[in-house]
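File shown here: run.cif, holding mmCIF, C-alpha atoms and all ligand atoms.
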```
data_query
#
loop_
_atom_site.label_atom_id
_atom_site.label_comp_id
_atom_site.auth_asym_id
_atom_site.auth_seq_id
_atom_site.Cartn_x
_atom_site.Cartn_y
_atom_site.Cartn_z
CA MET G 1 -30.57 -2.38 -141.22
CA SER G 2 -28.96 -4.91 -138.86
CA VAL G 3 -26.01 -5.87 -141.08
CA GLN G 4 -23.01 -3.51 -141.15
CA THR G 5 -21.88 -2.91 -144.71
CA GLN G 6 -18.23 -2.07 -145.30
CA LEU G 7 -17.91 0.31 -148.26
CA LYS G 8 -14.94 -0.53 -150.49
CA ARG G 9 -14.38 2.97 -151.73
CA VAL G 10 -13.22 6.10 -149.95
CA THR G 11 -16.27 7.47 -148.17
CA VAL G 12 -17.73 10.94 -147.73
CA PRO G 13 -16.96 11.03 -143.95
CA GLN G 14 -13.35 10.09 -144.78
CA ILE G 15 -13.11 13.08 -147.13
CA ARG G 16 -14.64 15.37 -144.49
CA ALA G 17 -12.02 14.13 -142.01
CA HIS G 18 -9.28 15.66 -144.19
CA LYS G 19 -10.34 19.13 -142.96
CA GLY G 20 -7.27 20.70 -141.42
CA ALA G 21 -5.37 17.41 -141.83
CA SER G 22 -3.67 15.81 -144.85
CA PRO G 23 -4.63 17.31 -148.25
CA VAL G 24 -7.30 15.68 -150.43
CA VAL G 25 -5.95 14.49 -153.80
CA VAL G 26 -8.42 15.01 -156.63
CA LEU G 27 -8.07 14.57 -160.40
CA THR G 28 -10.62 14.60 -163.18
CA CYS G 29 -11.17 11.32 -164.96
CA TYR G 30 -13.43 10.47 -167.86
CA HIS G 31 -12.59 6.95 -169.00
CA ALA G 32 -11.93 3.42 -167.80
CA HIS G 33 -8.21 2.92 -168.57
CA THR G 34 -7.16 6.16 -166.88
CA ALA G 35 -9.49 5.42 -163.95
CA ARG G 36 -7.52 2.19 -163.39
CA LEU G 37 -4.23 4.15 -163.40
CA LEU G 38 -5.45 6.86 -161.03
CA ASP G 39 -7.43 4.71 -158.61
CA GLN G 40 -4.77 3.90 -156.00
CA HIS G 41 -3.29 7.42 -156.00
CA VAL G 42 -6.20 9.80 -155.61
CA ASP G 43 -8.90 10.20 -152.98
CA ILE G 44 -11.53 11.51 -155.41
CA MET G 45 -11.96 11.05 -159.14
CA LEU G 46 -14.09 13.85 -160.53
CA VAL G 47 -16.04 13.11 -163.68
CA GLY G 48 -16.05 16.80 -164.50
CA ASP G 49 -18.15 18.43 -167.17
CA SER G 50 -14.80 19.71 -168.49
CA LEU G 51 -15.08 16.43 -170.44
CA GLY G 52 -17.13 18.47 -172.92
CA MET G 53 -13.98 20.34 -173.92
CA VAL G 54 -11.40 17.62 -173.29
CA MET G 55 -13.19 14.59 -174.75
CA HIS G 56 -15.68 16.18 -177.14
CA GLY G 57 -13.96 19.35 -178.39
CA LEU G 58 -16.71 21.72 -177.20
CA GLU G 59 -15.90 25.43 -176.58
CA THR G 60 -17.54 25.49 -173.15
CA THR G 61 -19.22 23.07 -170.74
CA LEU G 62 -22.69 24.32 -171.68
CA GLY G 63 -23.29 21.66 -174.35
CA VAL G 64 -22.67 18.77 -171.97
CA THR G 65 -25.75 16.62 -171.29
CA LEU G 66 -26.78 14.35 -168.44
CA ASP G 67 -26.46 11.33 -170.75
CA MET G 68 -22.86 12.28 -171.61
CA MET G 69 -22.02 12.55 -167.90
CA ILE G 70 -23.63 9.20 -167.15
CA THR G 71 -21.80 7.44 -169.99
CA HIS G 72 -18.39 8.68 -168.82
CA ALA G 73 -19.17 8.08 -165.13
CA LYS G 74 -20.08 4.45 -165.87
CA ALA G 75 -16.71 3.99 -167.60
CA VAL G 76 -14.83 5.53 -164.66
CA MET G 77 -16.71 3.32 -162.19
CA ARG G 78 -15.89 0.19 -164.23
CA GLY G 79 -12.19 1.13 -164.24
CA SER G 80 -11.88 1.84 -160.51
CA SER G 81 -12.60 0.26 -157.16
CA LYS G 82 -11.11 2.50 -154.46
CA ALA G 83 -11.44 6.24 -155.14
CA LEU G 84 -14.65 8.13 -154.38
CA VAL G 85 -16.22 9.04 -157.73
CA THR G 86 -18.00 12.40 -157.91
CA VAL G 87 -19.95 13.36 -161.03
CA ASP G 88 -20.65 16.90 -162.23
CA MET G 89 -24.30 17.81 -162.74
CA PRO G 90 -24.29 19.45 -166.17
CA PHE G 91 -25.80 22.82 -167.05
CA GLY G 92 -29.61 22.65 -167.10
CA SER G 93 -29.90 19.53 -164.97
CA TYR G 94 -30.27 21.11 -161.49
CA GLU G 95 -30.86 24.88 -161.49
CA GLU G 96 -34.65 24.82 -162.03
CA SER G 97 -35.66 23.41 -158.66
CA PRO G 98 -34.42 21.12 -155.88
CA GLN G 99 -36.89 18.48 -157.12
CA VAL G 100 -35.51 18.48 -160.67
CA ALA G 101 -31.98 18.39 -159.23
CA PHE G 102 -32.89 15.40 -157.07
CA ARG G 103 -34.43 13.48 -159.99
CA ASN G 104 -31.31 14.00 -162.12
CA ALA G 105 -28.86 13.36 -159.27
CA ALA G 106 -30.73 10.13 -158.47
CA ARG G 107 -30.34 9.08 -162.13
CA ILE G 108 -26.58 9.67 -161.88
CA ILE G 109 -26.26 7.69 -158.65
CA GLN G 110 -28.55 4.83 -159.74
CA GLU G 111 -27.23 4.39 -163.28
CA THR G 112 -23.51 4.81 -162.55
CA GLY G 113 -23.00 3.67 -158.95
CA ALA G 114 -20.97 6.84 -158.25
CA THR G 115 -21.05 8.17 -154.69
CA ALA G 116 -21.60 11.90 -155.10
CA VAL G 117 -22.46 14.79 -157.40
CA LYS G 118 -20.97 18.26 -157.80
CA LEU G 119 -22.88 21.37 -158.75
CA GLU G 120 -21.94 25.01 -159.32
CA GLY G 121 -23.20 27.98 -157.31
CA GLY G 122 -23.13 29.26 -153.74
CA THR G 123 -25.96 31.00 -151.90
CA ARG G 124 -28.38 30.54 -154.82
CA MET G 125 -27.87 26.74 -154.73
CA ALA G 126 -27.90 26.26 -150.94
CA GLU G 127 -31.53 25.11 -150.81
CA THR G 128 -30.83 22.50 -153.50
CA ILE G 129 -27.68 21.26 -151.75
CA ARG G 130 -29.66 20.81 -148.53
CA TYR G 131 -32.53 19.06 -150.37
CA LEU G 132 -30.14 16.57 -152.01
CA THR G 133 -28.02 15.79 -148.95
CA GLU G 134 -31.10 15.29 -146.75
CA ARG G 135 -32.29 12.71 -149.31
CA GLY G 136 -29.07 10.70 -149.48
CA VAL G 137 -27.14 12.43 -152.26
CA PRO G 138 -23.73 13.72 -151.13
CA VAL G 139 -22.93 17.05 -152.79
CA MET G 140 -19.64 18.77 -153.53
CA GLY G 141 -20.06 22.52 -154.04
CA HIS G 142 -18.21 24.66 -156.58
CA ILE G 143 -17.80 28.44 -156.18
CA GLY G 144 -15.59 31.26 -157.44
CA LEU G 145 -15.10 30.86 -161.18
CA THR G 146 -18.06 28.74 -162.22
CA PRO G 147 -17.60 27.77 -165.90
CA GLN G 148 -21.32 27.08 -166.48
CA SER G 149 -21.94 30.83 -165.94
CA VAL G 150 -19.44 31.82 -168.65
CA ASN G 151 -22.04 33.77 -170.64
CA VAL G 152 -23.15 35.79 -167.61
CA MET G 153 -19.56 36.50 -166.55
CA GLY G 154 -18.48 37.30 -170.13
CA GLY G 155 -15.51 34.92 -169.96
CA PHE G 156 -13.47 32.86 -167.53
CA LYS G 157 -12.26 35.41 -164.98
CA THR G 158 -10.42 35.00 -161.69
CA THR G 159 -12.67 35.99 -158.79
CA GLY G 160 -11.98 37.91 -155.58
CA ARG G 161 -9.26 40.17 -156.94
CA THR G 162 -10.94 43.24 -155.46
CA LEU G 163 -12.00 43.43 -151.82
CA GLU G 164 -15.52 44.50 -152.86
CA GLU G 165 -16.09 41.00 -154.27
CA TRP G 166 -15.13 39.20 -151.06
CA PRO G 167 -18.35 39.41 -148.97
CA ALA G 168 -20.50 37.71 -151.64
CA ILE G 169 -17.95 34.94 -152.25
CA LEU G 170 -17.47 34.38 -148.50
CA ALA G 171 -21.26 34.18 -148.15
CA ASP G 172 -21.33 31.60 -150.98
CA ALA G 173 -18.74 29.43 -149.20
CA LYS G 174 -20.61 29.59 -145.88
CA ALA G 175 -23.96 28.86 -147.52
CA VAL G 176 -22.60 25.76 -149.30
CA SER G 177 -20.94 24.49 -146.14
CA GLN G 178 -23.98 25.12 -143.92
CA ALA G 179 -26.30 23.49 -146.47
CA GLY G 180 -24.48 20.17 -145.98
CA ALA G 181 -21.97 19.91 -148.85
CA PHE G 182 -19.12 17.54 -147.92
CA ALA G 183 -16.46 19.63 -149.72
CA VAL G 184 -16.30 22.65 -151.99
CA VAL G 185 -14.21 23.44 -155.06
CA LEU G 186 -12.72 26.95 -155.07
CA GLU G 187 -11.88 27.68 -158.71
CA GLY G 188 -9.98 30.68 -160.10
CA MET G 189 -9.92 32.59 -156.83
CA ALA G 190 -7.53 35.19 -155.41
CA GLU G 191 -5.07 33.45 -153.09
CA PRO G 192 -5.83 35.33 -149.82
CA LEU G 193 -9.59 34.91 -150.23
CA ALA G 194 -9.27 31.15 -150.83
CA ALA G 195 -7.04 30.93 -147.75
CA LYS G 196 -9.56 32.87 -145.66
CA ILE G 197 -12.48 30.69 -146.82
CA THR G 198 -10.46 27.59 -145.96
CA GLN G 199 -9.97 28.94 -142.45
CA ASP G 200 -13.58 30.06 -142.04
CA ILE G 201 -15.63 27.04 -143.14
CA ALA G 202 -16.00 23.57 -141.65
CA ILE G 203 -15.65 21.48 -144.83
CA PRO G 204 -12.59 20.75 -146.99
CA THR G 205 -11.86 23.29 -149.72
CA ILE G 206 -10.50 21.84 -152.95
CA GLY G 207 -8.54 24.45 -154.87
CA ILE G 208 -7.93 24.84 -158.59
CA GLY G 209 -6.07 28.03 -159.41
CA ALA G 210 -6.74 29.16 -155.84
CA SER G 211 -4.43 28.77 -152.82
CA PRO G 212 -1.91 26.25 -151.44
CA ALA G 213 -3.70 26.79 -148.12
CA CYS G 214 -6.73 24.86 -149.45
CA ASP G 215 -7.51 21.45 -147.94
CA GLY G 216 -6.95 19.74 -151.29
CA GLN G 217 -6.28 20.29 -154.95
CA VAL G 218 -7.99 19.29 -158.18
CA LEU G 219 -6.57 19.48 -161.68
CA VAL G 220 -7.84 18.39 -165.05
CA MET G 221 -5.78 15.25 -165.66
CA GLU G 222 -5.07 16.05 -169.31
CA ASP G 223 -3.68 19.48 -168.30
CA MET G 224 -1.18 18.06 -165.80
CA LEU G 225 -0.13 15.28 -168.19
CA GLY G 226 0.76 17.70 -170.98
CA LEU G 227 -2.07 16.70 -173.33
CA ASN G 228 -3.54 20.22 -173.54
CA PRO G 229 -1.48 22.50 -175.81
CA ASN G 230 -2.89 25.58 -173.96
CA PRO G 231 -3.20 24.66 -170.28
CA PRO G 232 -4.23 27.32 -167.72
CA LYS G 233 -1.24 29.26 -166.31
CA PHE G 234 -1.51 27.78 -162.81
CA VAL G 235 -1.16 24.15 -163.98
CA ARG G 236 2.03 22.32 -163.08
CA GLN G 237 2.76 19.70 -165.75
CA TYR G 238 4.03 16.35 -164.46
CA ALA G 239 4.52 14.76 -167.89
CA GLN G 240 4.58 15.70 -171.56
CA LEU G 241 2.33 13.00 -172.95
CA GLY G 242 1.25 15.12 -175.93
CA PRO G 243 4.68 15.13 -177.58
CA ALA G 244 5.28 11.51 -176.43
CA ILE G 245 2.08 10.37 -178.16
CA GLU G 246 2.95 12.27 -181.34
CA GLU G 247 6.42 10.66 -181.40
CA ALA G 248 4.96 7.19 -180.87
CA VAL G 249 2.33 7.69 -183.58
CA ALA G 250 4.96 8.97 -186.04
CA ALA G 251 7.13 5.88 -185.32
CA TYR G 252 4.12 3.62 -185.86
CA ALA G 253 3.24 5.37 -189.14
CA ARG G 254 6.84 4.91 -190.38
CA ASP G 255 6.77 1.20 -189.48
CA VAL G 256 3.47 0.63 -191.26
CA ARG G 257 4.51 2.55 -194.39
CA GLU G 258 7.73 0.54 -194.54
CA ARG G 259 5.83 -2.70 -193.90
CA ARG G 260 7.61 -3.31 -190.56
CA PHE G 261 4.65 -4.93 -188.84
CA PRO G 262 4.09 -8.52 -187.87
CA GLY G 263 1.80 -10.71 -189.93
CA VAL G 264 -0.70 -12.76 -187.95
CA GLU G 265 1.28 -15.92 -188.86
CA ASN G 266 4.21 -14.69 -186.71
CA VAL G 267 2.00 -14.40 -183.67
CA TYR G 268 -0.23 -17.42 -184.26
CA PRO G 269 1.85 -19.82 -186.44
CA MET G 270 0.03 -22.22 -188.76
CA LYS G 271 -0.90 -25.44 -186.98
CA LYS G 272 0.72 -28.64 -188.22
CA ALA G 273 -1.68 -31.01 -189.99
CA GLN G 274 -2.69 -33.89 -187.63
O1 LIG U 301 -15.38 20.08 -164.76
C1 LIG U 301 -14.32 20.05 -164.09
O2 LIG U 301 -13.32 19.42 -164.47
C2 LIG U 301 -14.30 20.78 -162.84
C3 LIG U 301 -12.99 20.97 -162.16
C4 LIG U 301 -12.12 21.86 -162.97
C5 LIG U 301 -13.13 21.42 -160.78
O3 LIG U 301 -15.31 21.24 -162.39
#
```
Represent the supplied structure as structure tokens.
Ligand code: KIV
Amino acid sequence: MSVQTQLKRVTVPQIRAHKGASPVVVLTCYHAHTARLLDQHVDIMLVGDSLGMVMHGLETTLGVTLDMMITHAKAVMRGSSKALVTVDMPFGSYEESPQVAFRNAARIIQETGATAVKLEGGTRMAETIRYLTERGVPVMGHIGLTPQSVNVMGGFKTTGRTLEEWPAILADAKAVSQAGAFAVVLEGMAEPLAAKITQDIAIPTIGIGASPACDGQVLVMEDMLGLNPNPPKFVRQYAQLGPAIEEAVAAYARDVRERRFPGVENVYPMKKAQ
């Protein structure tokens, strides 16, 4: 191509350049209005499959489908113009083979306009990560606590709390990095192991319940805004929107019941006859 195209959004090389420099700011986002509010403040908006629990009331992420991810990713893209949007590949959409993963990742990229996908798994997914990146799909890895494996793990458990676990997790991090992922989420991981991985691999690590030594941090937006009545222990809450919404709704209900609401004629008065 002879014409140089300037991408409007944060790019994958820009995220890679955060390694060992300023931290990468990541939040989940699932809908257009919040995408507009987040856009200027975060580097990456993650359309995470946590939307299954947050938006749809599911128990786990296992019931999330590719169509659900695409619907929410389209909304986030419409509401934003600057942040790099990364979309989770849901359970069942990528594990079977690199070819199936590519077909589904291409659907996400083509139908939503998002830049990148994220998938769970370390060494076992390295071949797929390489296959996708070599074909133009940037991939964010996700290791440690991988919620799509909840039934194999028997629950959501912090990883790396015994030294015996470390070699396999370290190997996962190296495999993801060497396969070409542009960043990797370290979820629910013992602090010193997350710090060691951050030191040992060449790509930015994005922690969630991991270590302040990571190259960036991701939180589920609803957790940090106080919309989840049972947030994970490691979440710092920056607002209490849950109680604020309840108060506002109660005030609205009182107004309506006591008929304190404007009639349309107060907003659009009757026109005088010509
Ligand atoms: O689905 C999600 O929101 C995630 C983050 C918690 C990393 O994968």
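Considering only C-alpha atoms and all ligand atoms, the residue among G:Gln178, G:Ser211, G:Gln217, G:Gln99 positioned nearest to ligand LIG 301 (chain U) is G:Gln217.
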Requested in this report: Within 12 Å of Leu132 in chain G, counting all atoms listed in the file, which residues show up once you throw out same-chain ones fewer than 3 positions away? Write them as a PyMOL selection string, please.
Outcome: chain G and resi 94+97-106+109+116-119+125-129+135-141+179-182
Query raised in the report: Quick one: of G:Ser81, G:Gln4, G:Thr86, G:Thr123, who's nearest to ligand LIG 301 (chain U), counting all atoms listed in the file?
Result: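 That would be G:Thr86, the residue with the smallest distance to ligand LIG 301 (chain U).
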Please, which residues in chain G fall within 9 Å of ligand LIG 301 (chain U) when counting all atoms listed in the file, and what is the closest atom pair and distance in Å to one decimal for each, ordered by chain then residue number, as a Markdown table?
```
| residue | atom | partner | partner_atom | distance |
| --- | --- | --- | --- | --- |
| G:Val26 | CA | U:LIG301 | C5 | 9.0 |
| G:Leu27 | CA | U:LIG301 | O2 | 8.2 |
| G:Thr28 | CA | U:LIG301 | O2 | 5.7 |
| G:Cys29 | CA | U:LIG301 | O2 | 8.4 |
| G:Leu46 | CA | U:LIG301 | O2 | 6.9 |
| G:Val47 | CA | U:LIG301 | O2 | 6.9 |
| G:Gly48 | CA | U:LIG301 | O1 | 3.4 |
| G:Asp49 | CA | U:LIG301 | O1 | 4.0 |
| G:Ser50 | CA | U:LIG301 | O1 | 3.8 |
| G:Leu51 | CA | U:LIG301 | O1 | 6.8 |
| G:Gly52 | CA | U:LIG301 | O1 | 8.5 |
| G:Thr61 | CA | U:LIG301 | O1 | 7.7 |
| G:Val87 | CA | U:LIG301 | O1 | 8.9 |
| G:Asp88 | CA | U:LIG301 | O1 | 6.7 |
| G:Lys118 | CA | U:LIG301 | O3 | 7.9 |
| G:Leu119 | CA | U:LIG301 | O3 | 8.4 |
| G:Glu120 | CA | U:LIG301 | O3 | 8.2 |
| G:His142 | CA | U:LIG301 | O3 | 7.3 |
| G:Thr146 | CA | U:LIG301 | O3 | 8.0 |
| G:Pro147 | CA | U:LIG301 | O3 | 7.8 |
| G:Val185 | CA | U:LIG301 | C5 | 6.2 |
| G:Leu186 | CA | U:LIG301 | C5 | 8.0 |
| G:Glu187 | CA | U:LIG301 | C5 | 6.7 |
| G:Ile206 | CA | U:LIG301 | C5 | 8.3 |
| G:Gly207 | CA | U:LIG301 | C5 | 8.1 |
| G:Ile208 | CA | U:LIG301 | C5 | 6.6 |
| G:Val218 | CA | U:LIG301 | C5 | 6.1 |
| G:Leu219 | CA | U:LIG301 | C4 | 6.2 |
| G:Val220 | CA | U:LIG301 | O2 | 5.6 |
| G:Met221 | CA | U:LIG301 | O2 | 8.7 |
```
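For the atom pair formed by CA of Gly160 in chain G and CA of Ile203 in chain G, the distance is 20.0 Å, given to one decimal.
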Query raised in the report: What is the distance, in Å and to one decimal place, between CA of Thr198 in chain G and CA of Asp215 in chain G?
Result: 7.1 Å
Report task. In Å, rounded to a single decimal, give me how far CA of Gly242 in chain G is from CA of Gly188 in chain G. Result -> 24.9 Å
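For the choices G:Arg36, G:Arg257, G:Lys19, G:Arg236, the atom-to-atom distance to Ala213 in chain G is smallest for G:Lys19 when using all atoms listed in the file.
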Report task. Find the residues around Glu246 in chain G up to 12 Å (all atoms listed in the file counted), leave out those fewer than 6 positions away in its own chain, and share them as a ChimeraX atom specification. Result -> /G:226-227,240,252-253
Requested in this report: With only C-alpha atoms counted, which protein, DNA or RNA residues have an atom no more than 9 Å from (-3.7, 29.7, -160.6) in the file frame? Please answer as a PyMOL selection string.
Outcome: chain G and resi 158+187-191+208-211+232-235
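The shortest atom-to-atom distance to Leu38 in chain G, with all atoms listed in the file taken into account, belongs to G:Val85 out of G:Thr60, G:Val85, G:Lys8, G:Pro13.
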Query - Which of G:Val184, G:Met69, G:Met270, G:Ala175 sits closest to Arg130 in chain G [using only C-alpha atoms] - result: G:Ala175
Query raised in the report: Nearest to Asp43 in chain G among G:Gly79, G:Pro23, G:Gly154, G:Pro262, with distances taken over all atoms listed in the file: which residue is it?
Result: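 Among the listed residues, G:Pro23 lies closest to Asp43 in chain G.
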Query - Asp200 in chain G environment, 12 Å, all atoms listed in the file, sequence neighbours closer than 4 positions dropped, as a PyMOL selection string - result: chain G and resi 19-20+170-175+177-178+193-196+204-205+214
